[in-house]
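K.L.:
mmCIF, C-alpha atoms and all ligand atoms, saved as work30.cif, coming up:
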```
data_query
loop_
_atom_site.label_atom_id
_atom_site.label_comp_id
_atom_site.auth_asym_id
_atom_site.auth_seq_id
_atom_site.Cartn_x
_atom_site.Cartn_y
_atom_site.Cartn_z
CA MET C 80 0.00 0.00 0.00
CA THR C 81 1.38 3.39 -1.01
CA ILE C 82 1.71 5.86 1.86
CA LEU C 83 3.64 8.62 0.10
CA LYS C 84 3.75 9.72 -3.52
CA VAL C 85 5.90 12.42 -5.08
CA LYS C 86 4.60 13.77 -8.38
CA ASN C 87 6.57 15.79 -10.93
CA LEU C 88 8.39 17.68 -8.21
CA ASN C 89 10.69 20.60 -8.98
CA LYS C 90 12.50 22.96 -6.66
CA VAL C 91 14.35 26.07 -7.74
CA TYR C 92 16.08 28.33 -5.21
CA GLY C 93 16.75 32.01 -5.96
CA LYS C 94 16.28 33.94 -9.19
CA GLU C 95 18.22 34.83 -12.33
CA GLU C 96 22.01 34.56 -11.90
CA ILE C 97 21.79 33.03 -8.41
CA LYS C 98 19.17 30.48 -9.50
CA VAL C 99 19.82 26.89 -8.32
CA LYS C 100 17.74 23.98 -9.63
CA ALA C 101 17.85 21.73 -6.56
CA LEU C 102 15.34 19.09 -7.77
CA SER C 103 14.21 18.20 -11.30
CA ASN C 104 11.06 16.28 -12.08
CA ILE C 105 11.15 13.86 -9.14
CA ASN C 106 8.58 11.04 -9.12
CA LEU C 107 8.49 8.28 -6.53
CA GLU C 108 6.23 6.05 -4.47
CA ILE C 109 6.91 4.73 -1.00
CA ASN C 110 4.95 1.89 0.60
CA LYS C 111 3.68 1.66 4.16
CA GLY C 112 6.22 -0.02 6.45
CA GLU C 113 9.20 0.47 4.13
CA PHE C 114 12.66 1.53 5.27
CA VAL C 115 13.85 3.91 2.57
CA VAL C 116 17.32 5.40 2.38
CA ILE C 117 18.26 8.49 0.35
CA VAL C 118 21.88 8.68 -0.78
CA GLY C 119 23.85 11.09 -2.95
CA LYS C 120 26.76 13.54 -2.92
CA SER C 121 26.79 16.75 -0.91
CA GLY C 122 24.56 19.33 -2.62
CA SER C 123 22.71 16.74 -4.73
CA GLY C 124 19.30 17.69 -3.24
CA LYS C 125 18.71 15.08 -0.51
CA SER C 126 17.69 17.47 2.29
CA THR C 127 15.56 19.54 -0.06
CA LEU C 128 13.63 16.42 -1.11
CA LEU C 129 13.23 15.21 2.49
CA HIS C 130 12.02 18.62 3.69
CA ILE C 131 9.48 18.90 0.87
CA MET C 132 8.19 15.34 1.48
CA ALA C 133 7.82 16.19 5.19
CA GLY C 134 5.86 19.36 4.38
CA ILE C 135 8.36 21.75 5.97
CA GLU C 136 9.45 23.25 2.67
CA THR C 137 7.29 23.98 -0.38
CA PRO C 138 8.12 22.83 -3.92
CA THR C 139 8.35 25.24 -6.86
CA ASN C 140 5.90 22.90 -8.57
CA GLY C 141 4.68 19.33 -8.29
CA ASP C 142 3.03 17.67 -5.34
CA VAL C 143 3.46 15.31 -2.41
CA ILE C 144 0.59 13.01 -1.46
CA ILE C 145 0.55 11.45 2.01
CA ASP C 146 -2.18 8.91 2.77
CA ASP C 147 -4.18 10.22 -0.22
CA ILE C 148 -3.95 13.82 1.01
CA SER C 149 -2.32 16.27 -1.38
CA ILE C 150 -0.03 18.52 0.68
CA SER C 151 -0.34 21.38 -1.81
CA SER C 152 -4.09 21.50 -1.18
CA LEU C 153 -3.53 22.28 2.50
CA ASN C 154 -2.98 25.66 4.14
CA GLU C 155 -0.15 26.14 6.67
CA LYS C 156 -2.39 25.28 9.64
CA GLU C 157 -3.65 22.06 8.02
CA ARG C 158 -0.10 21.12 7.00
CA SER C 159 1.09 21.62 10.54
CA LEU C 160 -1.72 19.35 11.82
CA LEU C 161 -0.84 16.66 9.24
CA ARG C 162 2.80 16.82 10.38
CA LYS C 163 1.78 16.49 14.00
CA GLU C 164 -0.51 13.53 13.38
CA LYS C 165 1.44 11.54 10.83
CA ILE C 166 5.07 12.66 10.76
CA GLY C 167 8.10 12.38 13.03
CA LEU C 168 11.19 14.43 12.21
CA ILE C 169 14.80 13.79 13.23
CA PHE C 170 17.60 16.13 12.20
CA GLN C 171 21.36 15.92 12.56
CA SER C 172 21.23 19.02 14.76
CA TYR C 173 18.94 17.97 17.55
CA ASN C 174 16.75 21.11 17.69
CA LEU C 175 15.84 20.60 21.35
CA ILE C 176 14.32 23.47 23.32
CA PRO C 177 17.10 24.56 25.72
CA VAL C 178 14.83 25.71 28.58
CA LEU C 179 12.77 22.50 28.66
CA THR C 180 13.80 19.29 30.42
CA VAL C 181 14.34 16.00 28.61
CA GLU C 182 10.84 14.82 29.49
CA GLU C 183 9.22 18.13 28.47
CA ASN C 184 11.07 18.12 25.14
CA ILE C 185 9.85 14.59 24.39
CA LYS C 186 6.26 15.54 25.29
CA LEU C 187 6.19 18.64 23.06
CA PRO C 188 4.51 17.01 20.02
CA THR C 189 1.72 15.63 22.24
CA ILE C 190 0.43 19.13 23.08
CA ASN C 191 -3.03 19.62 21.55
CA THR C 192 -3.33 15.95 20.64
CA ASN C 193 -5.14 13.08 22.33
CA ASN C 194 -1.84 11.39 23.11
CA LYS C 195 -1.59 11.51 26.89
CA SER C 196 0.45 8.33 27.24
CA ASP C 197 3.00 8.76 30.04
CA GLU C 198 3.55 5.03 29.76
CA TYR C 199 4.95 5.31 26.24
CA ILE C 200 7.21 8.25 27.23
CA ASN C 201 8.68 6.09 29.99
CA GLU C 202 9.05 3.13 27.61
CA LEU C 203 10.89 5.29 25.05
CA MET C 204 13.16 6.85 27.68
CA ASP C 205 13.99 3.35 28.94
CA LEU C 206 14.68 2.00 25.46
CA LEU C 207 16.90 4.97 24.68
CA HIS C 208 18.66 4.83 28.07
CA ILE C 209 17.78 8.40 29.05
CA SER C 210 15.33 7.74 31.94
CA ASP C 211 17.91 8.85 34.50
CA ARG C 212 18.23 12.16 32.66
CA LYS C 213 14.55 13.06 32.43
CA THR C 214 14.77 16.22 34.56
CA HIS C 215 18.01 17.40 32.95
CA LEU C 216 18.25 20.22 30.42
CA PRO C 217 19.69 19.53 26.93
CA SER C 218 22.87 21.50 27.78
CA GLN C 219 23.56 18.96 30.54
CA LEU C 220 23.63 16.03 28.10
CA SER C 221 26.18 14.62 25.68
CA GLY C 222 25.58 14.87 21.93
CA GLY C 223 24.50 11.22 21.74
CA GLN C 224 22.05 11.67 24.62
CA GLN C 225 20.59 14.80 23.00
CA GLN C 226 20.06 12.91 19.76
CA ARG C 227 18.29 10.11 21.65
CA VAL C 228 15.95 12.72 23.19
CA ALA C 229 15.27 14.09 19.70
CA ILE C 230 14.48 10.55 18.51
CA ALA C 231 12.11 9.92 21.42
CA ARG C 232 10.38 13.21 20.57
CA ALA C 233 10.02 12.09 16.93
CA LEU C 234 8.50 8.75 17.99
CA ILE C 235 6.18 9.91 20.79
CA ASN C 236 3.05 10.26 18.64
CA LYS C 237 3.74 6.90 16.90
CA PRO C 238 3.90 8.66 13.52
CA ALA C 239 3.10 6.80 10.30
CA ILE C 240 6.23 8.24 8.65
CA ILE C 241 9.57 9.11 10.24
CA PHE C 242 11.81 11.44 8.26
CA ALA C 243 15.43 11.48 9.37
CA ASP C 244 18.23 13.66 7.97
CA GLU C 245 21.56 11.97 8.83
CA PRO C 246 20.22 11.07 12.30
CA THR C 247 23.35 9.23 13.38
CA GLY C 248 25.88 11.54 11.74
CA ASN C 249 27.18 12.88 15.07
CA LEU C 250 27.03 9.63 17.04
CA ASP C 251 29.72 7.10 17.89
CA THR C 252 29.43 3.66 16.29
CA LYS C 253 27.90 1.98 19.34
CA THR C 254 25.21 4.63 19.88
CA GLU C 255 24.60 4.68 16.13
CA SER C 256 23.78 0.99 16.03
CA GLU C 257 21.58 1.29 19.16
CA VAL C 258 19.64 4.14 17.60
CA LEU C 259 19.18 2.25 14.32
CA GLN C 260 18.08 -0.83 16.20
CA LEU C 261 15.47 1.19 18.08
CA LEU C 262 14.18 2.82 14.90
CA LYS C 263 13.84 -0.60 13.28
CA GLU C 264 12.04 -2.04 16.31
CA SER C 265 9.63 0.88 16.31
CA GLN C 266 9.14 0.51 12.54
CA LYS C 267 8.21 -3.16 12.92
CA LYS C 268 6.05 -2.78 16.01
CA TYR C 269 3.93 0.09 14.64
CA ASN C 270 4.28 -0.64 10.90
CA GLN C 271 5.99 2.72 10.39
CA THR C 272 7.69 4.02 7.27
CA ILE C 273 11.21 5.39 7.70
CA ILE C 274 12.76 7.72 5.14
CA MET C 275 16.38 8.46 6.01
CA ILE C 276 19.27 10.36 4.47
CA THR C 277 22.59 8.70 5.14
CA HIS C 278 26.17 8.60 3.93
CA ASN C 279 26.67 5.28 5.68
CA ILE C 280 26.80 2.42 3.17
CA ASP C 281 26.14 -0.12 5.96
CA ILE C 282 22.79 1.51 6.74
CA ALA C 283 21.89 1.56 3.05
CA LYS C 284 22.41 -2.22 2.99
CA TYR C 285 19.49 -2.74 5.40
CA ALA C 286 17.08 -0.57 3.42
CA ASP C 287 14.06 -1.92 1.51
CA LYS C 288 14.62 0.81 -1.05
CA VAL C 289 17.57 3.06 -1.88
CA ILE C 290 16.90 6.36 -3.65
CA LYS C 291 20.03 7.75 -5.27
CA ILE C 292 20.07 11.44 -6.16
CA GLU C 293 22.55 13.07 -8.52
CA ASP C 294 22.30 16.80 -9.27
CA GLY C 295 18.63 16.92 -8.30
CA VAL C 296 17.62 13.90 -10.38
CA ILE C 297 16.81 10.35 -9.23
CA ARG C 298 19.13 7.64 -10.58
CA GLU C 299 17.76 4.13 -10.40
N1 LIG C 301 17.77 27.87 1.06
C1 LIG C 301 18.52 27.70 -0.03
N2 LIG C 301 18.76 28.74 -0.87
C2 LIG C 301 19.49 28.58 -2.01
N3 LIG C 301 20.03 27.40 -2.39
C3 LIG C 301 19.82 26.33 -1.60
C4 LIG C 301 19.07 26.43 -0.38
N4 LIG C 301 19.04 25.20 0.20
C5 LIG C 301 19.75 24.38 -0.62
N5 LIG C 301 20.22 25.06 -1.68
C6 LIG C 301 21.00 24.49 -2.81
O1 LIG C 301 20.25 23.39 -3.35
C7 LIG C 301 21.13 22.30 -3.67
C8 LIG C 301 20.67 21.05 -2.90
O2 LIG C 301 20.90 21.25 -1.50
P1 LIG C 301 20.56 20.15 -0.40
O3 LIG C 301 20.81 20.76 0.94
O4 LIG C 301 19.23 19.59 -0.67
O5 LIG C 301 21.68 19.04 -0.71
P2 LIG C 301 22.10 17.73 0.11
O6 LIG C 301 22.23 16.63 -0.89
O7 LIG C 301 21.20 17.54 1.26
O8 LIG C 301 23.57 18.15 0.63
P3 LIG C 301 24.38 17.71 1.98
O9 LIG C 301 24.67 16.24 1.87
O10 LIG C 301 25.63 18.54 1.89
O11 LIG C 301 23.53 18.08 3.16
C9 LIG C 301 22.54 22.77 -3.33
O12 LIG C 301 23.15 23.23 -4.51
C10 LIG C 301 22.31 23.89 -2.35
O13 LIG C 301 23.36 24.84 -2.42
#
```
Can the structure in the file be given as structure tokens, please?
Ligand SMILES: Nc1ncnc2c1ncn2[C@@H]1O[C@H](COP(=O)(O)OP(=O)(O)OP(=O)(O)O)[C@@H](O)[C@H]1O
P.N.:
Amino acid sequence: MTILKVKNLNKVYGKEEIKVKALSNINLEINKGEFVVIVGKSGSGKSTLLHIMAGIETPTNGDVIIDDISISSLNEKERSLLRKEKIGLIFQSYNLIPVLTVEENIKLPTINTNNKSDEYINELMDLLHISDRKTHLPSQLSGGQQQRVAIARALINKPAIIFADEPTGNLDTKTESEVLQLLKESQKKYNQTIIMITHNIDIAKYADKVIKIEDGVIRE
């Protein structure tokens, strides 16, 4: 079953002499439950594609369809609701709120939703080995711990699709494999789709589908 479709997508940044064509006529389909990896050289358009698929950046033209809903037909408020309900985002920079504790950061996406599950927060903190840091602030954590908090925050609403931009780029090998293991367990348990940018060939080996981008174009 298709969960995400990209149709004739183009993205151009800037105008005239500073114009950059970041994506050219991208078409793809991703099935529910798939683990998809996006690879390609620096500047090839990976982050641009991921951000547009996640509804945090708009295309110049073309469309993204998530669960039969066309993102371009939504206004900003509706897009934000769709993101909250269906999408989890993990970035290489953790984007945690500095004045909130670990637990408060993880709970952020549950505000204004029906998700009141303290049980799942505790389960995630246990799985990610951050339970003993739940009242700490992000500045009191190591990089790996901060990334695990960001991952718990992305998973808290049990999103249908998890978008991850180099999520293990700043982690040591041991933490990296723990984080990947957790993502895969979550994917299996809740039939989630993971779409991840990585430079790590080993991660690409585990993927159900590898999307290779070269100069804004998909190479099969
Ligand atoms: N906000 C922006 N304004 C202008 N050009 C941009 C902007 N964001 C990206 N670009 C350009 O679009 C192209 C694709 O960038 P993108 O960040 O998607 O590449 P990437 O494959 O994710 O690279 P990396 O692996 O280095 O993160 C690049 O040429 C980049 O310079």
K.L.:
Can you list, as a list in words, every protein, DNA or RNA residue that comes within 8 Å of segment 249-262 of chain C when you count all atoms listed in the file, leaving out same-chain residues fewer than 5 positions away?
P.N.:
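With the cut-off at 8 Å, the set is Gln171, Leu206, Leu207, Gly222, Gly223 and Arg227 of chain C.
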K.L.:
Skipping near chain neighbours, those fewer than 3 positions away, what residues fall within 10 Å of Thr139 of chain C using only C-alpha atoms, listed as a ChimeraX atom specification?
P.N.:
/C:88-92,100,102,136,142
K.L.:
Just want the 8 Å neighbourhood of segment 179-194 of chain C, counted on all atoms listed in the file, with same-chain residues fewer than 6 positions away dropped. Output as a PDB file with C-alpha atoms, keeping the file's coordinate frame.
P.N.:
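In the end it all went to part-v1.pdb:
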```
ATOM      1  CA  LYS C 163       1.780  16.490  14.000  1.00  0.00           C
ATOM      2  CA  ILE C 200       7.210   8.250  27.230  1.00  0.00           C
ATOM      3  CA  ARG C 212      18.230  12.160  32.660  1.00  0.00           C
ATOM      4  CA  LYS C 213      14.550  13.060  32.430  1.00  0.00           C
ATOM      5  CA  THR C 214      14.770  16.220  34.560  1.00  0.00           C
ATOM      6  CA  HIS C 215      18.010  17.400  32.950  1.00  0.00           C
ATOM      7  CA  LEU C 216      18.250  20.220  30.420  1.00  0.00           C
ATOM      8  CA  PRO C 217      19.690  19.530  26.930  1.00  0.00           C
ATOM      9  CA  VAL C 228      15.950  12.720  23.190  1.00  0.00           C
ATOM     10  CA  ALA C 229      15.270  14.090  19.700  1.00  0.00           C
ATOM     11  CA  ALA C 231      12.110   9.920  21.420  1.00  0.00           C
ATOM     12  CA  ARG C 232      10.380  13.210  20.570  1.00  0.00           C
ATOM     13  CA  ALA C 233      10.020  12.090  16.930  1.00  0.00           C
ATOM     14  CA  ILE C 235       6.180   9.910  20.790  1.00  0.00           C
ATOM     15  CA  ASN C 236       3.050  10.260  18.640  1.00  0.00           C
TER      16      ASN C 236
END
```
K.L.:
Let me see if you get this right: every residue at most 8 Å from ligand LIG 301 (chain C), counting all atoms listed in the file, written as a list in words.
P.N.:
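Residues satisfying the distance criterion: Val91, Tyr92, Gly93, Lys98, Val99, Lys100, Ala101, Leu102, Val118, Gly119, Lys120, Ser121, Gly122, Ser123, Gly124, Lys125, Ser126, Thr127, Leu128, Ile292, Asp294 and Gly295 of chain C.
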K.L.:
Between atom CA of Ser149 of chain C and atom CA of Ile131 of chain C, what is the distance, to one decimal in Å?
P.N.:
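Rounded to one decimal, the two atoms are 12.3 Å apart.
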K.L.:
Can you list, as a CSV table (one decimal) with C-alpha atoms, keeping the file's coordinate frame, every protein, DNA or RNA residue that comes within 8 Å of Ile166 of chain C when you count all atoms listed in the file, leaving out same-chain residues fewer than 5 positions away?
P.N.:
```csv
chain,number,residue,atom,x,y,z
C,133,ALA,CA,7.8,16.2,5.2
C,161,LEU,CA,-0.8,16.7,9.2
C,233,ALA,CA,10.0,12.1,16.9
C,238,PRO,CA,3.9,8.7,13.5
C,239,ALA,CA,3.1,6.8,10.3
C,240,ILE,CA,6.2,8.2,8.6
C,241,ILE,CA,9.6,9.1,10.2
C,242,PHE,CA,11.8,11.4,8.3
```
K.L.:
Could you please determine the separation between atom CA of Asn110 of chain C and atom CA of Met80 of chain C in Å, to one decimal place?
P.N.:
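Rounded to one decimal, the two atoms are 5.3 Å apart.
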